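Colleague: Got a structure for you, coords.txt, holding compact mmCIF, C-alpha atoms.
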```txt
# COMPACT_ATOMS: atom_id res chain seq x y z
CA MET A 737 98.08 15.15 -22.71
CA GLU A 738 99.39 11.61 -22.35
CA HIS A 739 101.53 12.83 -19.44
CA SER A 740 98.87 14.91 -17.69
CA LEU A 741 95.68 12.87 -17.99
CA PRO A 742 96.75 9.87 -15.87
CA GLY A 743 97.79 12.18 -13.01
CA ILE A 744 94.50 14.07 -13.10
CA GLU A 745 92.50 10.83 -13.19
CA VAL A 746 94.42 9.43 -10.21
CA ALA A 747 93.92 12.68 -8.28
CA ILE A 748 90.17 12.74 -8.97
CA SER A 749 89.84 9.10 -7.95
CA ARG A 750 91.70 9.69 -4.70
CA VAL A 751 89.79 12.89 -3.82
CA ARG A 752 86.48 11.20 -4.58
CA ARG A 753 87.41 8.14 -2.48
CA GLN A 754 88.87 10.00 0.51
CA PHE A 755 87.02 13.30 0.79
CA LEU A 756 84.17 13.99 -1.59
CA HIS A 757 82.12 10.79 -1.89
CA HIS A 758 78.92 12.59 -2.84
CA VAL A 759 80.41 15.02 -5.39
CA LYS A 760 80.24 14.24 -9.09
CA PHE A 761 83.17 15.34 -11.20
CA HIS A 762 82.83 16.11 -14.86
CA VAL A 763 86.20 16.58 -16.51
CA THR A 764 86.59 18.03 -20.00
CA TYR A 765 89.94 17.58 -21.72
CA ARG A 766 91.22 19.84 -24.47
CA ASP A 767 94.56 20.01 -26.24
CA SER A 768 95.63 23.64 -26.62
CA GLY A 769 98.22 22.78 -29.25
CA CYS A 770 100.64 24.99 -27.31
CA ASN A 771 99.31 28.17 -28.89
CA GLY A 772 97.70 31.29 -27.54
CA ARG A 773 94.65 31.05 -29.79
CA ASP A 774 92.93 27.75 -28.96
CA ALA A 775 93.24 27.67 -25.15
CA PRO A 776 91.30 30.90 -24.42
CA VAL A 777 88.61 29.85 -26.93
CA PHE A 778 88.18 26.58 -25.00
CA LEU A 779 87.94 28.58 -21.76
CA PHE A 780 85.36 31.01 -23.21
CA ASN A 781 83.24 28.10 -24.44
CA MET A 782 83.31 26.41 -21.04
CA VAL A 783 82.49 29.66 -19.23
CA SER A 784 79.59 30.41 -21.59
CA THR A 785 78.00 27.03 -20.75
CA ASN A 786 78.74 27.29 -17.00
CA SER A 787 80.77 24.10 -17.21
CA VAL A 788 84.01 25.13 -15.50
CA ASP A 789 84.91 25.48 -11.84
CA VAL A 790 88.66 25.01 -12.10
CA VAL A 791 91.21 24.71 -14.89
CA PHE A 792 94.12 22.26 -14.67
CA GLY A 793 96.68 23.47 -17.18
CA PRO A 794 97.55 24.48 -19.76
CA VAL A 795 101.13 23.43 -19.21
CA CYS A 796 102.56 25.25 -22.22
CA ASP A 797 103.40 28.89 -21.41
CA TYR A 798 101.98 30.17 -24.71
CA SER A 799 98.56 28.65 -24.00
CA LEU A 800 98.68 29.41 -20.30
CA ALA A 801 99.27 33.16 -20.75
CA PRO A 802 95.83 34.07 -22.18
CA VAL A 803 94.00 31.54 -19.97
CA GLY A 804 95.80 32.90 -16.90
CA ARG A 805 94.89 36.46 -17.88
CA TYR A 806 91.19 35.79 -18.57
CA ALA A 807 90.46 33.39 -15.69
CA PRO A 808 90.40 36.15 -13.02
CA VAL A 809 87.55 37.85 -14.91
CA TRP A 810 85.33 34.89 -13.91
CA ASN A 811 87.26 34.09 -10.70
CA ILE A 812 88.28 30.67 -12.01
CA PRO A 813 91.33 29.07 -10.37
CA VAL A 814 94.00 27.82 -12.75
CA LEU A 815 96.42 25.14 -11.52
CA THR A 816 99.34 24.18 -13.71
CA SER A 817 102.64 22.37 -13.61
CA GLY A 818 103.76 24.76 -16.36
CA GLY A 819 104.14 28.51 -16.19
CA PHE A 820 107.91 28.53 -16.44
CA ALA A 821 108.29 32.19 -17.48
CA HIS A 822 108.92 34.80 -14.79
CA ASP A 823 105.88 36.83 -15.93
CA PHE A 824 103.54 34.26 -14.35
CA GLY A 825 104.82 35.31 -10.94
CA ARG A 826 102.95 38.63 -11.26
CA LYS A 827 99.90 37.40 -9.36
CA GLU A 828 98.63 40.79 -8.24
CA GLU A 829 98.83 42.23 -11.74
CA GLU A 830 97.59 39.68 -14.26
CA PHE A 831 97.55 36.16 -12.92
CA SER A 832 95.66 36.47 -9.64
CA THR A 833 93.94 33.06 -9.88
CA LEU A 834 96.98 31.16 -11.21
CA THR A 835 98.86 28.66 -9.07
CA ARG A 836 102.06 27.12 -10.43
CA LEU A 837 102.63 23.68 -8.97
CA GLY A 838 106.19 23.05 -10.07
CA GLN A 839 109.56 24.62 -10.49
CA ASN A 840 109.87 27.58 -12.82
CA PHE A 841 112.47 29.93 -14.23
CA GLU A 842 112.03 32.34 -11.32
CA ASP A 843 113.13 29.58 -8.98
CA LEU A 844 116.10 28.80 -11.23
CA ALA A 845 117.11 32.47 -11.29
CA GLU A 846 116.83 32.74 -7.50
CA PHE A 847 119.00 29.63 -7.12
CA VAL A 848 121.72 30.89 -9.48
CA LEU A 849 121.70 34.38 -7.95
CA ASP A 850 121.99 32.86 -4.46
CA ILE A 851 125.10 31.01 -5.63
CA LEU A 852 126.54 34.23 -7.08
CA SER A 853 125.84 35.99 -3.80
CA ARG A 854 127.27 33.17 -1.70
CA PHE A 855 130.62 33.42 -3.48
CA SER A 856 130.48 37.25 -3.75
CA TRP A 857 130.45 37.14 -7.53
CA ASP A 858 128.98 40.50 -8.47
CA THR A 859 129.29 40.34 -12.25
CA SER A 860 127.76 37.64 -14.37
CA HIS A 861 127.66 36.97 -18.08
CA LEU A 862 124.62 35.10 -19.31
CA ILE A 863 125.15 33.25 -22.55
CA TYR A 864 122.27 31.28 -24.02
CA ASP A 865 121.16 29.73 -27.27
CA ALA A 866 117.95 31.40 -28.46
CA ASN A 867 116.82 28.17 -30.09
CA GLY A 868 118.07 25.80 -27.41
CA ARG A 869 115.67 23.15 -26.10
CA ASN A 870 112.86 24.11 -28.46
CA ASP A 871 111.95 20.42 -28.29
CA ILE A 872 110.57 21.12 -24.80
CA ILE A 873 108.83 24.40 -25.57
CA GLU A 874 109.50 27.04 -28.21
CA GLY A 875 111.78 29.68 -26.73
CA PHE A 876 112.67 27.55 -23.69
CA CYS A 877 116.17 29.00 -23.31
CA PHE A 878 114.95 32.52 -24.03
CA LEU A 879 112.35 32.22 -21.26
CA ALA A 880 115.00 30.90 -18.87
CA ALA A 881 117.41 33.71 -19.78
CA SER A 882 114.78 36.43 -19.48
CA GLY A 883 113.87 35.16 -16.02
CA MET A 884 117.53 35.37 -15.07
CA ILE A 885 117.85 38.91 -16.41
CA GLN A 886 114.67 40.06 -14.64
CA LYS A 887 115.78 38.67 -11.26
CA SER A 888 119.27 40.12 -11.79
CA LYS A 889 117.74 43.56 -12.30
CA GLU A 890 115.52 43.19 -9.24
CA ARG A 891 118.54 42.30 -7.12
CA LYS A 892 120.71 44.93 -8.84
CA VAL A 893 123.29 42.37 -9.97
CA THR A 894 125.49 43.70 -12.76
CA ASN A 895 125.29 41.49 -15.80
CA ALA A 896 126.10 41.35 -19.46
CA PHE A 897 123.56 39.69 -21.70
CA HIS A 898 124.86 37.78 -24.72
CA MET A 899 123.06 35.65 -27.24
CA TYR A 900 125.14 33.26 -29.27
CA ASP A 901 124.85 30.85 -32.11
CA THR A 902 126.89 27.70 -32.25
CA ASN A 903 129.22 29.14 -34.90
CA THR A 904 130.49 32.02 -32.77
CA ILE A 905 130.60 30.63 -29.23
CA GLU A 906 134.37 30.21 -29.12
CA GLU A 907 134.96 33.73 -30.38
CA LEU A 908 132.42 35.12 -27.92
CA LEU A 909 133.97 33.32 -24.98
CA VAL A 910 137.43 34.62 -25.84
CA GLN A 911 136.28 38.21 -26.42
CA LYS A 912 133.62 38.63 -23.71
CA VAL A 913 134.72 36.24 -20.99
CA GLY A 914 138.33 35.39 -21.76
CA LEU A 915 141.00 35.40 -19.13
CA GLN A 916 139.50 38.39 -17.34
CA PHE A 917 136.76 36.23 -15.78
CA GLY A 918 138.30 32.80 -16.17
CA VAL A 919 141.33 33.10 -13.87
CA LYS A 920 142.15 34.50 -10.46
CA PRO A 921 144.16 37.76 -10.31
CA TRP A 922 147.40 35.99 -9.29
CA GLN A 923 147.00 33.58 -12.21
CA GLN A 924 146.59 36.51 -14.59
CA LYS A 925 149.88 38.01 -13.37
CA VAL A 926 151.65 34.71 -14.07
CA LEU A 927 150.09 34.55 -17.53
CA ASP A 928 151.07 38.17 -18.27
CA ARG A 929 154.59 37.55 -17.08
CA ASN A 930 155.02 34.37 -19.14
CA GLY A 931 153.38 35.81 -22.24
```
In C-alpha cells, how does this file's structure come out?

Modeller:
Amino acid sequence: MEHSLPGIEVAISRVRRQFLHHVKFHVTYRDSGCNGRDAPVFLFNMVSTNSVDVVFGPVCDYSLAPVGRYAPVWNIPVLTSGGFAHDFGRKEEEFSTLTRLGQNFEDLAEFVLDILSRFSWDTSHLIYDANGRNDIIEGFCFLAASGMIQKSKERKVTNAFHMYDTNTIEELLVQKVGLQFGVKPWQQKVLDRNG
C-alpha cells in the first residue's frame, strides 16, 4: 500500500483540481494481504453499502482474480497496475470490467515470441524456477512461464516445457538443450569431427 497510496492521492488531487471541482471523492483503502479471501469480502462489503463506484487494485494477482470476477456482476470497473497472469486478458469471459494499466506476462510472451519469429526460431525450450522471484509475488516465475506456454500454443510454436531446481540445471541443460540447440550446424560438424 505504501507504493500505491501516494499515486492514488496525487491522481485524485489532480483530477479534482483540473476537471471535477464540484465532485467529492471518498476513498476507502484496504489491504488484501495478497490472498483470494479478503479482497472479495472487502468488495462485497462496499457493494452492500453502496459505497463503491470504481476499484483501484488489487495489484496482487491472487487478490485481483476474485475481485475481477465478481466486479462485472455489479458493473464496477477495476483498474490495476497488477494482473500479470495471462488469464486476466480474457475480458469477454471473466474480467469484462478489468483494465490492466501496466505490463503483464502476456506482453512479455508476445515480445519473446516476436523475437523467435524474427529470427525464424521455431522451437523453444522454456526453463524456469517454480519458486523464482517469490519475493515479488508467490508463483511469479510460474505465472510468467504459463503465459509463455499459452501464447506459444496460440501461435502454434513448438516448445518443450521444463521445470528445474537449482541442483539439476546443469544436467538439464546438457540433456535437453546441449549442443543440439547451442551451436550452428557447421559448428556441430566440427565438434563431431574433432571428438

Colleague: Residues at most 10 Å from stretch 775-784 of chain A, counting all atoms listed in the file, excluding those fewer than 3 positions away in the same chain, as a PyMOL selection string?

Modeller: chain A and resi 764-772+787-789+791+793-794+798-807+810+812

Colleague: Between atom CA of A:Gly868 and atom CA of A:Leu837, measure the distance and give it in Å to one decimal.

Modeller: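 We find that atom CA of A:Gly868 and atom CA of A:Leu837 lie 24.1 Å from each other.
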
Colleague: What does the distance between atom CA of A:Ser882 and atom CA of A:Glu829 come to in Å, to one decimal place?

Modeller: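 These two atoms are separated by 18.7 Å.
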
Colleague: Of the candidates A:Ser856, A:Asn840, A:Asn867, A:Asn811, which one gets nearest to A:Met884 if we count all atoms listed in the file?

Modeller: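 Closest to A:Met884, using all atoms listed in the file: A:Asn840.
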
Colleague: Pick out the closest residue to A:Gly818 from this set: A:Ser888, A:Ser740, A:Asp850, A:Ala881. Count only C-alpha atoms.

Modeller: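 Counting only C-alpha atoms, the residue closest to A:Gly818 is A:Ser740.
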
Colleague: Please provide the set of residues having any atom within 10 Å of A:Gly825, restricted to all atoms listed in the file, with same-chain residues fewer than 4 positions apart removed, written as a short mmCIF file (atom, residue, chain, number, x, y, z; two decimals) with C-alpha atoms, in the coordinates of the input.

Modeller:
```
data_model
loop_
_atom_site.label_atom_id
_atom_site.label_comp_id
_atom_site.auth_asym_id
_atom_site.auth_seq_id
_atom_site.Cartn_x
_atom_site.Cartn_y
_atom_site.Cartn_z
CA GLY A 819 104.14 28.51 -16.19
CA PHE A 820 107.91 28.53 -16.44
CA ALA A 821 108.29 32.19 -17.48
CA GLU A 829 98.83 42.23 -11.74
CA GLU A 830 97.59 39.68 -14.26
CA PHE A 831 97.55 36.16 -12.92
CA SER A 832 95.66 36.47 -9.64
CA LEU A 834 96.98 31.16 -11.21
CA THR A 835 98.86 28.66 -9.07
CA ARG A 836 102.06 27.12 -10.43
CA ASN A 840 109.87 27.58 -12.82
CA PHE A 841 112.47 29.93 -14.23
CA GLU A 842 112.03 32.34 -11.32
#
```

Colleague: Show me the residues around (111.2, 35.2, -26.2) - criterion: an atom at most 12 Å away, all atoms listed in the file counted - as a VMD selection string.

Modeller: chain A and resid 797 to 798 821 to 823 864 to 868 870 873 to 883 899

Colleague: In Å, how far is it from atom CA of A:Pro742 to atom CA of A:Gln839?

Modeller: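 Calculated distance between atom CA of A:Pro742 and atom CA of A:Gln839 is 20.3 Å.
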
Colleague: Identify which of the residues A:Glu906, A:Pro808, A:Asn786, A:Phe792 lies closest to A:Ala747, counting only C-alpha atoms when measuring atom-to-atom distances.

Modeller: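 Counting only C-alpha atoms, the residue closest to A:Ala747 is A:Phe792.
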